[in-house]
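Text of data26.txt, listed as compact mmCIF, C-alpha atoms:
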# COMPACT_ATOMS: atom_id res chain seq x y z
CA MET A 14 -23.75 26.14 16.48
CA ALA A 15 -21.10 28.40 15.04
CA SER A 16 -21.77 31.68 13.20
CA THR A 17 -20.87 32.17 9.52
CA GLU A 18 -17.81 34.17 10.51
CA GLU A 19 -16.71 31.58 13.06
CA ILE A 20 -16.94 28.85 10.42
CA ARG A 21 -15.07 30.97 7.84
CA SER A 22 -12.34 31.74 10.33
CA GLY A 23 -12.06 28.10 11.46
CA LEU A 24 -11.91 26.97 7.84
CA ALA A 25 -9.25 29.61 7.12
CA ASP A 26 -7.07 28.16 9.88
CA ILE A 27 -7.44 24.69 8.35
CA VAL A 28 -6.57 25.92 4.83
CA ASN A 29 -3.56 27.67 6.32
CA GLU A 30 -2.41 24.51 8.08
CA VAL A 31 -2.95 22.17 5.10
CA ALA A 32 -1.85 24.36 2.20
CA GLY A 33 0.16 27.16 3.82
CA ILE A 34 -2.14 29.89 2.51
CA PRO A 35 -2.42 33.04 4.71
CA ALA A 36 -5.66 32.70 6.70
CA ASP A 37 -6.67 36.29 5.84
CA ASP A 38 -6.83 35.36 2.14
CA VAL A 39 -9.50 32.73 2.83
CA GLN A 40 -12.60 34.89 2.20
CA LEU A 41 -16.11 33.76 1.21
CA ASP A 42 -15.85 34.81 -2.44
CA LYS A 43 -12.53 33.01 -3.04
CA SER A 44 -12.34 29.88 -5.20
CA PHE A 45 -10.28 27.12 -3.61
CA THR A 46 -8.57 26.09 -6.84
CA ASP A 47 -8.41 29.33 -8.84
CA ASP A 48 -7.73 31.92 -6.13
CA LEU A 49 -6.16 29.96 -3.29
CA ASP A 50 -4.30 27.30 -5.29
CA VAL A 51 -5.70 24.48 -3.14
CA ASP A 52 -5.44 21.36 -5.31
CA SER A 53 -7.91 18.47 -5.20
CA LEU A 54 -5.83 16.40 -2.76
CA SER A 55 -5.34 19.32 -0.37
CA MET A 56 -9.09 19.93 -0.65
CA VAL A 57 -9.66 16.38 0.63
CA GLU A 58 -7.42 17.14 3.61
CA VAL A 59 -9.28 20.40 4.26
CA VAL A 60 -12.60 18.56 4.17
CA VAL A 61 -11.48 15.84 6.58
CA ALA A 62 -10.13 18.45 9.03
CA ALA A 63 -13.37 20.48 8.69
CA GLU A 64 -15.47 17.39 9.44
CA GLU A 65 -13.57 16.92 12.67
CA LYS A 66 -13.58 20.58 13.67
CA PHE A 67 -17.25 21.27 12.97
CA GLY A 68 -18.71 17.83 13.73
CA VAL A 69 -20.28 17.38 10.27
CA LYS A 70 -20.10 14.82 7.46
CA ILE A 71 -19.00 15.95 4.01
CA PRO A 72 -19.31 12.96 1.62
CA ASP A 73 -16.89 12.48 -1.32
CA ASP A 74 -19.67 13.31 -3.79
CA GLU A 75 -20.21 16.73 -2.20
CA VAL A 76 -16.57 17.79 -2.20
CA LYS A 77 -16.53 18.69 -5.90
CA ASN A 78 -19.48 21.06 -5.39
CA LEU A 79 -17.57 23.12 -2.84
CA LYS A 80 -15.96 25.52 -5.29
CA THR A 81 -15.65 28.62 -3.11
CA VAL A 82 -14.97 29.21 0.56
CA GLY A 83 -18.57 30.47 0.74
CA ASP A 84 -19.86 27.13 -0.65
CA ALA A 85 -18.00 25.23 2.06
CA VAL A 86 -19.13 27.57 4.84
CA ALA A 87 -22.76 27.30 3.68
CA TYR A 88 -22.52 23.51 3.50
CA ILE A 89 -21.12 23.29 7.03
CA GLU A 90 -23.77 25.72 8.36
CA ASN A 91 -26.54 23.63 6.80
CA ALA A 92 -25.06 20.36 8.00
CA GLN A 93 -24.76 21.70 11.53
CA GLY A 94 -28.36 22.91 11.45
CA SER A 95 -29.82 19.60 10.32
CA MET B 11 -24.98 -48.69 18.42
CA THR B 12 -21.66 -48.93 20.12
CA THR B 13 -21.16 -47.45 23.52
CA SER B 14 -18.14 -45.36 24.15
CA THR B 15 -15.66 -47.42 26.04
CA PRO B 16 -11.94 -46.69 26.27
CA GLU B 17 -11.31 -49.46 23.72
CA THR B 18 -13.46 -47.82 20.99
CA VAL B 19 -12.11 -44.23 21.25
CA ARG B 20 -10.59 -43.39 17.89
CA PRO B 21 -7.02 -42.21 17.71
CA GLY B 22 -6.72 -38.41 17.87
CA ILE B 23 -4.93 -36.07 15.48
CA THR B 24 -1.57 -34.70 16.52
CA ALA B 25 -1.55 -30.89 16.35
CA GLY B 26 1.16 -29.15 14.37
CA ARG B 27 3.68 -27.29 16.42
CA GLY B 28 5.76 -24.41 15.14
CA ALA B 29 8.09 -21.70 16.30
CA GLU B 30 7.21 -19.40 19.17
CA HIS B 31 8.64 -16.35 17.41
CA THR B 32 9.04 -15.39 13.76
CA ALA B 33 10.93 -12.70 11.89
CA ILE B 34 11.85 -11.44 8.45
CA LEU B 35 15.31 -12.98 7.97
CA GLY B 36 16.27 -11.29 4.70
CA ILE B 37 14.87 -8.88 2.13
CA GLY B 38 15.74 -8.34 -1.52
CA GLY B 39 14.43 -6.37 -4.47
CA TYR B 40 14.61 -6.09 -8.23
CA ARG B 41 14.15 -2.79 -10.05
CA PRO B 42 13.57 -3.08 -13.78
CA SER B 43 16.05 -1.29 -15.99
CA ARG B 44 13.90 1.15 -17.95
CA VAL B 45 13.72 4.60 -16.34
CA VAL B 46 10.59 6.49 -17.40
CA THR B 47 10.72 10.23 -16.77
CA ASN B 48 7.79 12.58 -16.25
CA ALA B 49 8.72 14.13 -19.60
CA GLU B 50 8.06 10.79 -21.29
CA ILE B 51 4.73 10.40 -19.44
CA CYS B 52 3.76 13.86 -20.70
CA GLU B 53 4.08 12.55 -24.27
CA TYR B 54 1.08 10.30 -23.49
CA ILE B 55 -1.04 12.57 -21.27
CA ASP B 56 -1.72 16.30 -21.15
CA SER B 57 0.24 17.07 -17.99
CA SER B 58 3.52 18.53 -16.79
CA ASP B 59 6.52 17.50 -14.74
CA GLU B 60 5.47 20.02 -12.07
CA TRP B 61 1.86 18.76 -11.94
CA ILE B 62 3.00 15.15 -11.56
CA ARG B 63 5.54 16.03 -8.88
CA THR B 64 3.12 18.09 -6.80
CA ARG B 65 0.28 15.54 -7.08
CA SER B 66 2.35 12.41 -6.47
CA GLY B 67 5.95 13.20 -5.55
CA ILE B 68 7.05 10.99 -8.45
CA ILE B 69 10.12 12.24 -10.33
CA GLU B 70 10.65 9.11 -12.40
CA ARG B 71 9.51 5.48 -12.32
CA ARG B 72 10.77 2.08 -13.47
CA TRP B 73 9.01 0.07 -16.16
CA ALA B 74 10.05 -3.45 -17.11
CA LEU B 75 11.55 -4.38 -20.45
CA PRO B 76 10.05 -7.43 -22.23
CA HIS B 77 12.58 -9.86 -20.69
CA GLU B 78 11.91 -8.51 -17.19
CA THR B 79 8.91 -10.73 -16.61
CA VAL B 80 7.02 -11.28 -13.37
CA GLN B 81 8.91 -14.55 -12.95
CA MET B 82 12.33 -13.13 -13.82
CA MET B 83 12.01 -10.14 -11.46
CA SER B 84 10.68 -12.37 -8.66
CA VAL B 85 13.53 -14.86 -8.95
CA ALA B 86 16.12 -12.06 -8.90
CA ALA B 87 14.57 -10.45 -5.79
CA ALA B 88 14.14 -13.81 -4.05
CA ARG B 89 17.77 -14.87 -4.64
CA LYS B 90 18.96 -11.69 -2.90
CA ALA B 91 16.55 -12.21 0.00
CA LEU B 92 17.63 -15.86 0.42
CA MET B 93 21.32 -14.98 0.26
CA ARG B 94 20.92 -12.23 2.86
CA ALA B 95 18.89 -14.54 5.10
CA GLY B 96 21.52 -17.28 4.76
CA ILE B 97 18.82 -19.72 3.71
CA GLU B 98 19.09 -22.18 0.80
CA ALA B 99 16.16 -22.43 -1.63
CA ALA B 100 15.83 -26.10 -0.62
CA GLN B 101 15.01 -24.98 2.94
CA VAL B 102 11.95 -23.03 1.76
CA ASP B 103 8.67 -24.83 2.56
CA CYS B 104 6.26 -22.36 0.99
CA VAL B 105 6.36 -19.62 -1.65
CA ILE B 106 3.64 -16.94 -1.51
CA VAL B 107 3.50 -14.57 -4.46
CA ALA B 108 1.39 -11.42 -4.12
CA THR B 109 0.59 -9.99 -7.55
CA VAL B 110 -2.23 -8.68 -9.71
CA SER B 111 -0.25 -8.42 -12.93
CA HIS B 112 0.76 -11.96 -13.83
CA LEU B 113 -1.36 -12.13 -16.98
CA MET B 114 -2.16 -15.82 -16.88
CA GLN B 115 -5.40 -16.92 -15.30
CA THR B 116 -4.08 -20.27 -14.12
CA PRO B 117 -1.85 -21.77 -12.83
CA ALA B 118 -0.32 -19.35 -10.35
CA VAL B 119 3.18 -18.00 -11.09
CA ALA B 120 4.48 -19.09 -7.66
CA PRO B 121 5.26 -22.73 -8.64
CA LEU B 122 7.34 -21.52 -11.62
CA ILE B 123 9.28 -19.12 -9.42
CA SER B 124 9.76 -21.76 -6.75
CA ASP B 125 11.00 -24.29 -9.28
CA GLU B 126 13.46 -21.87 -10.90
CA LEU B 127 14.83 -21.05 -7.44
CA GLY B 128 15.24 -24.74 -6.59
CA ALA B 129 12.57 -24.76 -3.88
CA THR B 130 10.35 -27.49 -5.43
CA PRO B 131 8.38 -29.23 -3.84
CA ALA B 132 7.62 -26.27 -1.55
CA ALA B 133 3.94 -25.31 -1.49
CA ALA B 134 3.55 -22.37 -3.85
CA PHE B 135 0.57 -20.16 -4.65
CA ASP B 136 -0.42 -16.59 -5.56
CA ILE B 137 -2.56 -14.22 -3.53
CA SER B 138 -4.62 -11.36 -4.92
CA ALA B 139 -4.69 -8.55 -2.40
CA ALA B 140 -3.32 -5.83 -4.69
CA CYS B 141 -1.14 -3.24 -2.95
CA ALA B 142 -1.77 -4.90 0.43
CA GLY B 143 -0.52 -8.27 -0.86
CA PHE B 144 2.98 -8.20 0.61
CA CYS B 145 1.73 -7.44 4.14
CA PHE B 146 -0.98 -10.11 3.78
CA GLY B 147 1.75 -12.55 2.74
CA VAL B 148 4.04 -11.68 5.67
CA SER B 149 1.18 -12.21 8.09
CA MET B 150 0.22 -15.56 6.54
CA ALA B 151 3.86 -16.69 6.47
CA SER B 152 4.36 -15.81 10.12
CA ASP B 153 1.20 -17.69 11.14
CA MET B 154 2.24 -20.77 9.12
CA ILE B 155 5.58 -20.86 10.88
CA ARG B 156 3.98 -20.43 14.31
CA CYS B 157 1.59 -23.30 13.56
CA GLY B 158 4.22 -25.60 12.10
CA SER B 159 2.94 -25.74 8.51
CA ALA B 160 6.25 -24.34 7.31
CA LYS B 161 9.63 -23.39 8.72
CA HIS B 162 10.82 -20.94 6.07
CA VAL B 163 8.43 -19.04 3.81
CA LEU B 164 9.38 -16.89 0.86
CA VAL B 165 6.99 -13.95 0.40
CA ILE B 166 7.25 -12.10 -2.91
CA GLY B 167 5.46 -8.94 -4.00
CA VAL B 168 5.79 -8.44 -7.75
CA GLU B 169 4.08 -6.33 -10.40
CA ARG B 170 4.32 -5.33 -14.03
CA LEU B 171 1.64 -2.67 -13.69
CA SER B 172 2.87 -1.01 -16.90
CA ASP B 173 1.14 -3.91 -18.73
CA ILE B 174 -2.25 -2.99 -17.27
CA THR B 175 -1.87 0.79 -17.10
CA ASP B 176 -3.59 2.99 -19.66
CA VAL B 177 -0.78 5.39 -20.55
CA THR B 178 -3.36 7.86 -21.88
CA ASP B 179 -5.30 8.00 -18.57
CA ARG B 180 -4.42 11.28 -16.89
CA GLY B 181 -5.37 9.91 -13.46
CA THR B 182 -3.10 6.85 -13.36
CA ALA B 183 -0.50 6.89 -16.17
CA PHE B 184 2.11 8.68 -14.05
CA ILE B 185 1.60 6.59 -10.89
CA PHE B 186 2.01 2.89 -11.64
CA ALA B 187 5.31 1.06 -12.11
CA ASP B 188 7.02 -2.32 -12.09
CA GLY B 189 9.32 -4.25 -9.76
CA ALA B 190 9.70 -7.11 -7.32
CA GLY B 191 10.50 -7.42 -3.63
CA ALA B 192 10.98 -10.56 -1.57
CA ALA B 193 11.27 -11.48 2.09
CA VAL B 194 12.32 -14.71 3.77
CA VAL B 195 10.21 -15.29 6.90
CA GLY B 196 11.38 -17.86 9.42
CA PRO B 197 11.72 -18.78 13.09
CA SER B 198 13.52 -16.35 15.38
CA PRO B 199 14.76 -16.38 18.99
CA THR B 200 12.87 -13.11 19.65
CA GLU B 201 9.67 -11.68 18.18
CA GLY B 202 10.15 -10.01 14.82
CA ILE B 203 6.63 -9.76 13.41
CA GLY B 204 3.85 -8.09 15.36
CA PRO B 205 0.13 -8.92 15.15
CA VAL B 206 -1.43 -7.94 11.84
CA VAL B 207 -4.29 -5.46 11.64
CA TRP B 208 -6.01 -6.21 8.38
CA GLY B 209 -9.29 -6.10 6.55
CA ALA B 210 -11.14 -5.45 3.34
CA ASP B 211 -14.06 -3.23 2.34
CA GLY B 212 -15.91 -4.59 -0.67
CA SER B 213 -18.44 -1.74 -0.48
CA ARG B 214 -15.68 0.33 -2.11
CA TYR B 215 -14.72 -2.32 -4.67
CA ASP B 216 -15.21 0.11 -7.57
CA LEU B 217 -12.70 2.72 -6.44
CA ILE B 218 -9.67 0.87 -7.89
CA ARG B 219 -10.25 -1.89 -10.39
CA GLN B 220 -9.77 -3.44 -13.80
CA LYS B 221 -12.01 -1.46 -16.16
CA GLN B 222 -14.08 -4.46 -17.34
CA PRO B 223 -14.36 -8.17 -16.52
CA TRP B 224 -12.62 -10.45 -19.07
CA LYS B 225 -15.98 -11.75 -20.33
CA ASP B 226 -17.06 -8.23 -21.36
CA VAL B 227 -13.71 -7.65 -23.02
CA LEU B 228 -14.05 -10.82 -25.12
CA GLU B 229 -17.62 -10.00 -26.10
CA SER B 230 -16.77 -6.47 -27.24
CA ALA B 231 -16.33 -5.71 -30.95
CA GLU B 232 -12.74 -4.58 -30.49
CA PRO B 233 -11.24 -6.39 -27.50
CA SER B 234 -8.50 -4.44 -25.73
CA MET B 235 -6.65 -4.67 -22.43
CA PRO B 236 -9.00 -3.77 -19.57
CA HIS B 237 -6.68 -1.31 -17.85
CA LEU B 238 -6.67 -0.21 -14.23
CA ARG B 239 -9.00 2.60 -13.24
CA MET B 240 -8.83 4.53 -10.01
CA ASP B 241 -11.06 7.17 -8.42
CA GLY B 242 -8.20 9.18 -6.96
CA ASN B 243 -9.75 11.56 -4.43
CA PRO B 244 -11.84 9.04 -2.43
CA VAL B 245 -8.84 6.68 -2.42
CA PHE B 246 -6.63 9.51 -1.17
CA ARG B 247 -9.09 10.24 1.64
CA TRP B 248 -9.42 6.60 2.66
CA ALA B 249 -5.68 5.94 2.52
CA SER B 250 -4.51 9.13 4.22
CA PHE B 251 -6.88 9.06 7.16
CA GLU B 252 -8.46 5.65 7.68
CA MET B 253 -5.18 3.84 7.01
CA ALA B 254 -3.39 6.06 9.52
CA LYS B 255 -5.79 4.62 12.11
CA VAL B 256 -4.98 1.06 10.97
CA ALA B 257 -1.27 1.83 11.26
CA ALA B 258 -1.77 3.26 14.76
CA GLU B 259 -3.68 0.12 15.76
CA ALA B 260 -0.83 -2.10 14.53
CA LEU B 261 1.59 -0.15 16.74
CA ASP B 262 -0.77 -0.52 19.67
CA LYS B 263 -1.26 -4.28 19.16
CA ALA B 264 2.50 -4.80 18.96
CA GLY B 265 2.96 -2.82 22.17
CA VAL B 266 5.26 -0.39 20.37
CA SER B 267 4.83 3.34 21.00
CA PRO B 268 5.55 5.89 18.25
CA ASP B 269 8.58 6.94 20.31
CA ASP B 270 10.03 3.41 20.01
CA LEU B 271 9.54 3.29 16.25
CA ASP B 272 12.57 3.73 13.98
CA VAL B 273 11.13 3.51 10.47
CA PHE B 274 7.74 4.20 8.86
CA LEU B 275 7.38 2.03 5.74
CA PRO B 276 3.98 2.68 4.16
CA HIS B 277 2.97 1.33 0.76
CA GLN B 278 4.48 3.73 -1.77
CA ALA B 279 1.18 4.80 -3.30
CA ASN B 280 1.63 8.54 -3.54
CA MET B 281 3.95 10.95 -1.68
CA ARG B 282 0.94 13.05 -0.67
CA ILE B 283 -0.62 10.02 1.05
CA ILE B 284 2.68 9.24 2.80
CA ASP B 285 2.92 12.86 4.02
CA ALA B 286 -0.71 13.00 5.16
CA MET B 287 -0.42 9.67 7.01
CA ALA B 288 2.77 10.75 8.75
CA ARG B 289 1.06 13.98 9.87
CA THR B 290 -2.04 12.13 11.07
CA LEU B 291 0.10 9.60 12.99
CA ARG B 292 2.14 12.45 14.58
CA LEU B 293 5.33 10.44 14.22
CA PRO B 294 8.36 11.80 16.08
CA GLU B 295 10.83 13.75 13.90
CA ARG B 296 13.54 11.09 14.18
CA VAL B 297 11.38 8.34 12.61
CA VAL B 298 12.74 7.65 9.12
CA ILE B 299 9.98 7.75 6.48
CA ALA B 300 10.32 5.67 3.30
CA ARG B 301 9.98 7.85 0.18
CA ASP B 302 11.08 5.34 -2.43
CA ILE B 303 8.17 6.34 -4.67
CA ALA B 304 10.06 9.41 -5.95
CA TYR B 305 12.30 7.34 -8.22
CA GLN B 306 10.38 4.07 -8.41
CA GLY B 307 6.68 4.95 -8.79
CA ASN B 308 3.88 2.89 -7.25
CA THR B 309 4.73 -0.80 -7.63
CA SER B 310 1.74 -2.12 -5.64
CA ALA B 311 2.70 -5.34 -3.79
CA ALA B 312 6.41 -4.78 -4.45
CA SER B 313 6.62 -1.30 -2.96
CA ILE B 314 7.23 -2.10 0.72
CA PRO B 315 10.02 -4.66 0.27
CA LEU B 316 11.66 -2.43 -2.38
CA ALA B 317 11.49 0.60 -0.07
CA THR B 318 12.81 -1.48 2.85
CA GLU B 319 15.78 -2.69 0.84
CA ALA B 320 16.53 0.87 -0.31
CA LEU B 321 16.61 2.24 3.26
CA LEU B 322 18.83 -0.64 4.46
CA GLU B 323 21.24 -0.26 1.53
CA ALA B 324 21.45 3.52 2.01
CA GLY B 325 22.15 3.09 5.73
CA GLN B 326 19.05 5.13 6.60
CA ALA B 327 17.69 2.08 8.42
CA LYS B 328 19.62 -0.74 10.04
CA SER B 329 19.17 -4.34 11.07
CA GLY B 330 17.17 -4.55 14.30
CA ASP B 331 15.22 -1.34 13.69
CA LEU B 332 11.52 -1.40 14.48
CA ALA B 333 9.52 -0.63 11.34
CA LEU B 334 5.82 -0.05 10.77
CA PHE B 335 4.41 -1.52 7.55
CA VAL B 336 1.01 -0.37 6.32
CA ALA B 337 -0.33 -1.32 2.89
CA PHE B 338 -3.65 -0.57 1.22
CA GLY B 339 -5.20 -0.75 -2.20
CA ALA B 340 -7.74 -2.35 -4.50
CA GLY B 341 -10.40 -4.39 -2.75
CA LEU B 342 -10.24 -2.21 -0.83
CA ALA B 343 -7.80 -4.42 1.09
CA TYR B 344 -5.41 -3.31 3.81
CA ALA B 345 -2.92 -4.67 6.33
CA ALA B 346 -0.43 -3.27 8.83
CA GLN B 347 2.15 -4.79 11.16
CA VAL B 348 5.25 -3.84 13.12
CA VAL B 349 8.38 -5.77 12.16
CA ARG B 350 12.00 -5.85 13.20
CA LEU B 351 14.17 -5.23 10.13
CA PRO B 352 16.56 -8.02 9.15
In structure tokens, write the structure found in this file.
Amino acid sequence: MASTEEIRSGLADIVNEVAGIPADDVQLDKSFTDDLDVDSLSMVEVVVAAEEKFGVKIPDDEVKNLKTVGDAVAYIENAQGS
Amino acid sequence: MTTSTPETVRPGITAGRGAEHTAILGIGGYRPSRVVTNAEICEYIDSSDEWIRTRSGIIERRWALPHETVQMMSVAAARKALMRAGIEAAQVDCVIVATVSHLMQTPAVAPLISDELGATPAAAFDISAACAGFCFGVSMASDMIRCGSAKHVLVIGVERLSDITDVTDRGTAFIFADGAGAAVVGPSPTEGIGPVVWGADGSRYDLIRQKQPWKDVLESAEPSMPHLRMDGNPVFRWASFEMAKVAAEALDKAGVSPDDLDVFLPHQANMRIIDAMARTLRLPERVVIARDIAYQGNTSAASIPLATEALLEAGQAKSGDLALFVAFGAGLAYAAQVVRLP
């Protein structure tokens, strides 16, 4: 199981690869749409890459609840724990 | 009771026998004349040119004028395909029309198209496989020719999606468009159509569909056209990732490696899906990727033949090139195959 920081950093690499956003900007309090300019389609790509990287399932219905980087990290942590 | 003696054995049935190899012999398209810009779309929905471009890659699309009917566009596309294939309409044994926007419950539009072309009494029927319809049709045509049920088959993908698009729906108004594409499939000295990888997933029937069944429309107080509805993000996810796997499987089944591929010709659903699929497939840089959607919009069953014709006419692809088709849409139905371009 990965630590919170490991998940945040792994997610930051994915956001960087999908949307070209500097990985250092991808902090827990940042909103994907408002702060990082990740649109809904890029968010789908981020989610699919995160599923693969962290070995979790993130259903379509959950994606809209992942507003901030912190939301996504918490979801992945929980999913890994269960 | 009779006992089985050589004298009482009934005569058997002779099996049909067809061609060993099949290929697409000619391709043609018809683009309707009305150019609809993003600025015009933004008169109907609260959006912007930039938003539409970044979400879909669409700069403008083609919508049909009243005289550019499903039949008219199909006949125009088919005549070009026949001419390029060097086949007369009278040599066509079967006409398959893939469409979801011929607004007549029955009969199919295929017999009308066939008759106008001069192909009567060829077998003629429509198939309903939405955006995957053209690839379904190519696969069926190829199998018919291999089995001997037909020698030359005309496969047409045609849509007037503007008739069933809600121009006030922010999720779909900017995507859908009109057009027709046709292919003549026939026997070939070498293999030109690889094994199809196809399927359907009715558990996700609701993701893209007509808003209401006709019965509900007729029973409502104010009947109106039941337009198309689409749940964009789940469709994007399915198309971008699961369909990339289907495309990879089609390459594998055809024994063609990504390094041997010349052209990637996915259904022109959305530029973002095309980009995501190309990334997932890790196609070599030199593979030409069809991006016809930018100026044509999403024409469902017509998109692959239209995009193929555009690449051939622009010299970006050439006769003999190996191309990967992958199409996906409402159903959810999907199909992929490797073909050699005519």
Hey, list the chain B side of the contact with chain A: 12 Å cut-off, all atoms listed in the file, answer as number ranges by chain.
B: 61, 64-66, 217, 241-252, 280-283, 285-287, 289-290
For the atom pair CA of Lys225 in chain B and CA of Gly212 in chain B, what is the interatomic distance in Å to one decimal place?
20.9 Å
I'd like the contact shell of Glu30 in chain A - 10 Å cut-off, all atoms listed in the file, skipping same-chain residues fewer than 4 positions apart - returned as a CSV table (one decimal) with C-alpha atoms, keeping the file's coordinate frame.
chain,number,residue,atom,x,y,z
A,24,LEU,CA,-11.9,27.0,7.8
A,25,ALA,CA,-9.2,29.6,7.1
A,26,ASP,CA,-7.1,28.2,9.9
A,34,ILE,CA,-2.1,29.9,2.5
A,35,PRO,CA,-2.4,33.0,4.7
A,36,ALA,CA,-5.7,32.7,6.7
A,58,GLU,CA,-7.4,17.1,3.6
A,59,VAL,CA,-9.3,20.4,4.3
A,62,ALA,CA,-10.1,18.4,9.0
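Atom to atom, CA of Ala337 in chain B and CA of Arg41 in chain B stand 19.5 Å apart.
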Which of A:Ala92, A:Ile20, A:Val69, A:Ala63 sits closest to Gln40 in chain A [using all atoms listed in the file]
A:Ile20
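Restricting the calculation to all atoms listed in the file, the smallest distance between Gln93 in chain A and any of A:Ile71, A:Leu41, A:Leu49, A:Leu79 is found for A:Ile71.
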First collect every listed atom of range 76-90 of chain A; then fit an axis-aligned box around them, widen it by 4 Å on each side, and give centre and edge lengths in Å to one decimal, as JSON.
{"center_x": -19.4, "center_y": 24.1, "center_z": 1.2, "size_x": 16.8, "size_y": 20.7, "size_z": 22.3}
Considering all atoms listed in the file, can you say which of B:Ile123, B:Val194, B:Ala279, B:Ala29 comes closest to Thr182 in chain B?
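Looking at the shortest contact to Thr182 in chain B, the residue is B:Ala279.
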Using N, CA and C atoms, give me range 63-76 of chain A from the structure I just pasted, as a PDB file, in the first residue's frame.
ATOM      1  N   ALA A  63      -4.900   6.214 -13.366  1.00  0.00           N
ATOM      2  CA  ALA A  63      -4.761   6.002 -11.914  1.00  0.00           C
ATOM      3  C   ALA A  63      -5.203   4.584 -11.532  1.00  0.00           C
ATOM      4  N   GLU A  64      -6.266   4.113 -12.178  1.00  0.00           N
ATOM      5  CA  GLU A  64      -6.731   2.741 -11.901  1.00  0.00           C
ATOM      6  C   GLU A  64      -5.605   1.746 -12.161  1.00  0.00           C
ATOM      7  N   GLU A  65      -4.934   1.958 -13.286  1.00  0.00           N
ATOM      8  CA  GLU A  65      -3.870   1.036 -13.680  1.00  0.00           C
ATOM      9  C   GLU A  65      -2.687   1.136 -12.715  1.00  0.00           C
ATOM     10  N   LYS A  66      -2.310   2.383 -12.402  1.00  0.00           N
ATOM     11  CA  LYS A  66      -1.118   2.612 -11.585  1.00  0.00           C
ATOM     12  C   LYS A  66      -1.300   2.108 -10.150  1.00  0.00           C
ATOM     13  N   PHE A  67      -2.507   2.336  -9.601  1.00  0.00           N
ATOM     14  CA  PHE A  67      -2.706   2.018  -8.183  1.00  0.00           C
ATOM     15  C   PHE A  67      -3.504   0.734  -7.959  1.00  0.00           C
ATOM     16  N   GLY A  68      -3.889   0.068  -9.039  1.00  0.00           N
ATOM     17  CA  GLY A  68      -4.613  -1.207  -8.903  1.00  0.00           C
ATOM     18  C   GLY A  68      -5.957  -1.072  -8.215  1.00  0.00           C
ATOM     19  N   VAL A  69      -6.690   0.013  -8.537  1.00  0.00           N
ATOM     20  CA  VAL A  69      -8.021   0.221  -7.933  1.00  0.00           C
ATOM     21  C   VAL A  69      -9.059   0.401  -9.037  1.00  0.00           C
ATOM     22  N   LYS A  70     -10.339   0.353  -8.631  1.00  0.00           N
ATOM     23  CA  LYS A  70     -11.428   0.624  -9.581  1.00  0.00           C
ATOM     24  C   LYS A  70     -12.073   1.947  -9.195  1.00  0.00           C
ATOM     25  N   ILE A  71     -12.232   2.833 -10.166  1.00  0.00           N
ATOM     26  CA  ILE A  71     -12.916   4.103  -9.913  1.00  0.00           C
ATOM     27  C   ILE A  71     -14.081   4.179 -10.898  1.00  0.00           C
ATOM     28  N   PRO A  72     -15.311   3.799 -10.461  1.00  0.00           N
ATOM     29  CA  PRO A  72     -16.443   3.756 -11.389  1.00  0.00           C
ATOM     30  C   PRO A  72     -16.816   5.153 -11.915  1.00  0.00           C
ATOM     31  N   ASP A  73     -17.485   5.167 -13.081  1.00  0.00           N
ATOM     32  CA  ASP A  73     -17.916   6.430 -13.711  1.00  0.00           C
ATOM     33  C   ASP A  73     -18.663   7.319 -12.729  1.00  0.00           C
ATOM     34  N   ASP A  74     -19.543   6.699 -11.910  1.00  0.00           N
ATOM     35  CA  ASP A  74     -20.371   7.480 -10.992  1.00  0.00           C
ATOM     36  C   ASP A  74     -19.552   8.202  -9.923  1.00  0.00           C
ATOM     37  N   GLU A  75     -18.374   7.680  -9.633  1.00  0.00           N
ATOM     38  CA  GLU A  75     -17.532   8.290  -8.591  1.00  0.00           C
ATOM     39  C   GLU A  75     -16.726   9.469  -9.122  1.00  0.00           C
ATOM     40  N   VAL A  76     -16.462   9.445 -10.431  1.00  0.00           N
ATOM     41  CA  VAL A  76     -15.521  10.417 -10.990  1.00  0.00           C
ATOM     42  C   VAL A  76     -15.955  11.855 -10.697  1.00  0.00           C
TER      43      VAL A  76
END
